[in-house]
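Here the structure comes first, spelled out in structure tokens, and everything after it is commentary.
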Amino acid sequence: MRWLILVIVWLLGAAGPCWSAEVGGESVATPNFVDQHQRIAKPDLADRQRIRFLTSTDYPPFNFLDGEGRLTGFNVDLARAICEELGILARCQIEALPFADVVPALKRGDGEAIVAGLAMNPTTRAEFAFSQPYFRYPARFVTRKDRAIESPIADHLADKVVGVTLGSAHAAMLGAFFPAAKVQTYPDRFQALNAMRDGKIDAFFGDGVSLSFWLESEAAGDCCAFAGGPFLSDRFLGEGLSIAVRPDDAALAEAVDYAIAQLVAKGRMTELMLRYFPISAF
């Protein structure tokens, strides 16, 4: 079983090393999902009159409206940074639509790219070309600070009660890769996290991104911290976030790949992640 766990952890570093930055005097790890050994030539987009990125407003912290009604978020700033890196910022537009409308809009030519968390799966791969993933969702354990579980956590889950949301991908992943744990299911994550905070369970296993925000919330009451991981799995958690383009515009996807590789190499991707994820999910 251990080799399966190692495979999941290895996936985090397969594309490249983790980066770190100083935040409040502490080193914060951020991931790099881009293979820096790739040699992608800088694309020539001089013939493009404009590039319209389509997004939505209901997926914080990736894309949302701020308190003043302005479109913002990790995906929005990433799209701007991509355009800047490609030297086409003046020709870039970012348009917000209801999420259900972004795919039809791209198909009818009302945009050139989708940066809105469109899942990569056999159906969407048949309809679109995708950039390489620029973000992947990690699964994480959280434990109470006063009842930490020793590392490596996979070796110390016997007789530990781990909460998880009933019917979730994380419940399936927990059962597949951490069979020693005693699983306690809850109808929703809020009940599970309340149980975690109150010490009724030994750990909770779920989405690292949402957990990073819960850990610094008033609801958590500074009770808990990440333990072990991060853990990644295409099978259970998907392939991550990519930018989708029409299938006949693979050149734009390659241009996005070039720009993202440059943003990673220059540390700007780390800067973006720390802007929107103050507690690293990784």
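Residues are referred to by chain and number: the chain letter is A, B, ... according to the order shown in the structure tokens, the number counts from 1 in that chain, and ligands are numbered separately from 1 in the order shown.
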Q.
List the spatial neighbours of stretch 104-108 of chain A as a PyMOL selection string - criterion: any atom at most 8 Å away, only C-alpha atoms, same-chain residues fewer than 4 positions off excluded.
A. chain A and resi 54+100+112-114+245-246
- Skip stretch 149-151 of chain A itself and residues of its chain fewer than 6 positions away, then list as a VMD selection string all residues within 9 Å of it, counting only C-alpha atoms. chain A and resid 143 157 160 202 to 203 227 to 228
Restricted to C-alpha atoms, what would the selected residues look like written as a PDB file, in the first residue's frame?
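In the end it all went to result_16.pdb:
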ATOM      1  CA  THR A 143      -5.722  17.374  12.841  1.00  0.00           C
ATOM      2  CA  LEU A 157      -3.606   5.974  11.001  1.00  0.00           C
ATOM      3  CA  LYS A 160      -7.452   6.771  14.178  1.00  0.00           C
ATOM      4  CA  ASP A 202      -8.756  12.401  15.135  1.00  0.00           C
ATOM      5  CA  ALA A 203      -8.502  13.895  11.634  1.00  0.00           C
ATOM      6  CA  ALA A 227      -0.896  16.949   8.682  1.00  0.00           C
ATOM      7  CA  GLY A 228       0.828  14.877   6.018  1.00  0.00           C
TER       8      GLY A 228
END
Review point. Could you name the residues that touch stretch 184-190 of chain A at 7 Å or less, counting only C-alpha atoms, but leaving out those on the same chain fewer than 6 positions away, as JSON, numbers by chain?
Key: {"A": [161, 162, 163, 164, 165, 166]}
Atoms kept (N, CA, C and O atoms) for selection, written as a PDB file, in the first residue's frame:
ATOM      1  N   VAL A 161      -9.649   7.774  14.011  1.00  0.00           N
ATOM      2  CA  VAL A 161     -10.949   8.043  13.390  1.00  0.00           C
ATOM      3  C   VAL A 161     -10.806   9.260  12.482  1.00  0.00           C
ATOM      4  O   VAL A 161     -10.462  10.354  12.944  1.00  0.00           O
ATOM      5  N   VAL A 162     -11.029   9.041  11.197  1.00  0.00           N
ATOM      6  CA  VAL A 162     -10.866  10.103  10.206  1.00  0.00           C
ATOM      7  C   VAL A 162     -12.224  10.456   9.628  1.00  0.00           C
ATOM      8  O   VAL A 162     -12.930   9.604   9.078  1.00  0.00           O
ATOM      9  N   GLY A 163     -12.610  11.714   9.742  1.00  0.00           N
ATOM     10  CA  GLY A 163     -13.868  12.184   9.190  1.00  0.00           C
ATOM     11  C   GLY A 163     -13.741  12.507   7.717  1.00  0.00           C
ATOM     12  O   GLY A 163     -12.677  12.928   7.242  1.00  0.00           O
ATOM     13  N   VAL A 164     -14.823  12.319   6.992  1.00  0.00           N
ATOM     14  CA  VAL A 164     -14.841  12.608   5.562  1.00  0.00           C
ATOM     15  C   VAL A 164     -16.293  12.837   5.153  1.00  0.00           C
ATOM     16  O   VAL A 164     -17.224  12.375   5.819  1.00  0.00           O
ATOM     17  N   THR A 165     -16.486  13.581   4.073  1.00  0.00           N
ATOM     18  CA  THR A 165     -17.843  13.860   3.601  1.00  0.00           C
ATOM     19  C   THR A 165     -18.400  12.658   2.861  1.00  0.00           C
ATOM     20  O   THR A 165     -17.758  12.125   1.954  1.00  0.00           O
ATOM     21  N   LEU A 166     -19.587  12.233   3.238  1.00  0.00           N
ATOM     22  CA  LEU A 166     -20.219  11.062   2.654  1.00  0.00           C
ATOM     23  C   LEU A 166     -20.373  11.210   1.139  1.00  0.00           C
ATOM     24  O   LEU A 166     -20.838  12.224   0.640  1.00  0.00           O
TER      25      LEU A 166
END
What are the closest atom pairs, with distances in Å to one decimal, for all residues of stretch 114-153 of chain A lying within 12 Å of stretch 211-226 of chain A? Consider only C-alpha atoms, order rows by chain and residue number, and present the result as JSON lines.
{"residue": "A:Tyr137", "atom": "CA", "partner": "A:Leu211", "partner_atom": "CA", "distance": 11.3}
{"residue": "A:Pro138", "atom": "CA", "partner": "A:Leu211", "partner_atom": "CA", "distance": 10.2}
{"residue": "A:Ala139", "atom": "CA", "partner": "A:Leu211", "partner_atom": "CA", "distance": 9.3}
{"residue": "A:Arg140", "atom": "CA", "partner": "A:Phe226", "partner_atom": "CA", "distance": 6.7}
{"residue": "A:Phe141", "atom": "CA", "partner": "A:Phe226", "partner_atom": "CA", "distance": 5.8}
{"residue": "A:Val142", "atom": "CA", "partner": "A:Phe226", "partner_atom": "CA", "distance": 4.4}
{"residue": "A:Thr143", "atom": "CA", "partner": "A:Cys224", "partner_atom": "CA", "distance": 5.4}
{"residue": "A:Arg144", "atom": "CA", "partner": "A:Cys224", "partner_atom": "CA", "distance": 4.1}
{"residue": "A:Lys145", "atom": "CA", "partner": "A:Cys224", "partner_atom": "CA", "distance": 4.9}
{"residue": "A:Asp146", "atom": "CA", "partner": "A:Cys223", "partner_atom": "CA", "distance": 8.1}
{"residue": "A:Arg147", "atom": "CA", "partner": "A:Cys224", "partner_atom": "CA", "distance": 9.0}
{"residue": "A:Ala148", "atom": "CA", "partner": "A:Ala225", "partner_atom": "CA", "distance": 8.4}
{"residue": "A:Ile149", "atom": "CA", "partner": "A:Phe226", "partner_atom": "CA", "distance": 10.1}
{"residue": "A:Glu150", "atom": "CA", "partner": "A:Phe226", "partner_atom": "CA", "distance": 11.8}
{"residue": "A:Ser151", "atom": "CA", "partner": "A:Phe226", "partner_atom": "CA", "distance": 11.5}
{"residue": "A:Ile153", "atom": "CA", "partner": "A:Phe226", "partner_atom": "CA", "distance": 10.9}
Fewer than 5 positions away in the same chain doesn't count, so skip those; otherwise give me all residues within 10 Å of A:Ala41, counting only C-alpha atoms, as a VMD selection string. chain A and resid 254 to 255 258
Same residues, N, CA and C atoms, saved as a PDB file, in the first residue's frame:
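Full text of out09.pdb as output:
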ATOM      1  N   GLU A 254      -0.592  26.314 -26.813  1.00  0.00           N
ATOM      2  CA  GLU A 254       0.876  26.254 -26.716  1.00  0.00           C
ATOM      3  C   GLU A 254       1.439  27.595 -26.264  1.00  0.00           C
ATOM      4  N   ALA A 255       0.833  28.688 -26.706  1.00  0.00           N
ATOM      5  CA  ALA A 255       1.276  30.012 -26.262  1.00  0.00           C
ATOM      6  C   ALA A 255       1.037  30.170 -24.768  1.00  0.00           C
ATOM      7  N   TYR A 258       3.718  28.310 -22.905  1.00  0.00           N
ATOM      8  CA  TYR A 258       4.966  29.088 -22.873  1.00  0.00           C
ATOM      9  C   TYR A 258       4.897  30.165 -21.797  1.00  0.00           C
TER      10      TYR A 258
END
message: Calculated over only C-alpha atoms, which of the candidates A:Leu45, A:Met196, A:Ala281, A:Ala172 has the smallest distance to A:Pro230?
response: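 Distance minimum relative to A:Pro230 lands on A:Ala281.
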If you count only C-alpha atoms, the residue of A:Ala259, A:Ala169, A:Cys83, A:Leu65 closest to A:Phe236 turns out to be A:Ala169
| query | Taking into account only C-alpha atoms, which residue in the set A:Gly69, A:Pro133, A:Pro278, A:Gly199 is nearest to A:Ala253? | reply |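 Of A:Gly69, A:Pro133, A:Pro278, A:Gly199, the one nearest A:Ala253, counting only C-alpha atoms, is A:Pro133.
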Practice prompt. Write down as number ranges by chain the residues belonging to stretch 30-217 of chain A that are assigned alpha helix (DSSP H) by DSSP computed on the backbone.
Written response: A: 74-85, 99-107, 122-127, 169-177, 189-197, 208-215
Export of the given selection (C-alpha atoms) as a short mmCIF file (atom, residue, chain, number, x, y, z; two decimals), in the first residue's frame:
data_model
loop_
_atom_site.label_atom_id
_atom_site.label_comp_id
_atom_site.auth_asym_id
_atom_site.auth_seq_id
_atom_site.Cartn_x
_atom_site.Cartn_y
_atom_site.Cartn_z
CA PHE A 74 -6.48 33.86 -9.21
CA ASN A 75 -7.66 32.92 -12.72
CA VAL A 76 -8.33 36.53 -13.64
CA ASP A 77 -4.89 37.72 -12.57
CA LEU A 78 -3.31 34.68 -14.22
CA ALA A 79 -4.96 35.54 -17.54
CA ARG A 80 -3.63 39.11 -17.30
CA ALA A 81 -0.15 37.84 -16.43
CA ILE A 82 -0.23 35.45 -19.41
CA CYS A 83 -1.15 38.30 -21.75
CA GLU A 84 1.60 40.47 -20.28
CA GLU A 85 4.17 37.69 -20.69
CA PHE A 99 -20.54 29.37 -15.90
CA ALA A 100 -23.20 27.53 -17.93
CA ASP A 101 -22.66 30.03 -20.76
CA VAL A 102 -18.87 29.92 -21.12
CA VAL A 103 -18.70 26.72 -23.21
CA PRO A 104 -21.43 27.79 -25.69
CA ALA A 105 -19.77 31.20 -25.97
CA LEU A 106 -16.41 29.68 -26.89
CA LYS A 107 -17.99 27.30 -29.38
CA PRO A 122 -12.92 12.47 -22.07
CA THR A 123 -15.94 14.57 -23.04
CA THR A 124 -14.26 17.97 -22.83
CA ARG A 125 -11.04 16.67 -24.39
CA ALA A 126 -13.09 15.70 -27.45
CA GLU A 127 -14.47 19.24 -27.66
CA ALA A 169 -14.22 11.81 -4.01
CA HIS A 170 -12.14 12.22 -0.87
CA ALA A 171 -14.13 9.47 0.86
CA ALA A 172 -13.32 7.13 -2.01
CA MET A 173 -9.68 8.18 -2.01
CA LEU A 174 -9.39 7.70 1.75
CA GLY A 175 -10.76 4.17 1.52
CA ALA A 176 -8.49 3.27 -1.39
CA PHE A 177 -5.19 4.62 -0.11
CA ARG A 189 -18.10 19.00 5.46
CA PHE A 190 -19.36 21.58 7.97
CA GLN A 191 -20.52 18.90 10.38
CA ALA A 192 -17.28 17.01 9.88
CA LEU A 193 -15.13 20.08 10.50
CA ASN A 194 -17.11 20.98 13.61
CA ALA A 195 -16.43 17.48 14.89
CA MET A 196 -12.76 17.98 14.06
CA ARG A 197 -12.63 21.26 15.92
CA GLY A 208 -6.72 21.19 0.66
CA VAL A 209 -7.80 24.48 -0.94
CA SER A 210 -11.05 24.84 0.99
CA LEU A 211 -9.34 23.54 4.13
CA SER A 212 -6.65 26.22 3.87
CA PHE A 213 -9.39 28.86 4.18
CA TRP A 214 -11.17 27.00 6.97
CA LEU A 215 -7.96 26.79 9.01
#
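Each of A:Leu232, A:Leu97, A:Leu263, A:Ala158 was compared to A:Ala181 using only C-alpha atoms, and A:Ala158 turns out to be the nearest.
Residues with any atom within 8 Å of A:Pro247, counting only C-alpha atoms and excluding same-chain neighbours fewer than 3 positions away, are Glu127, Phe128, Ala129 and Ala250 of chain A.
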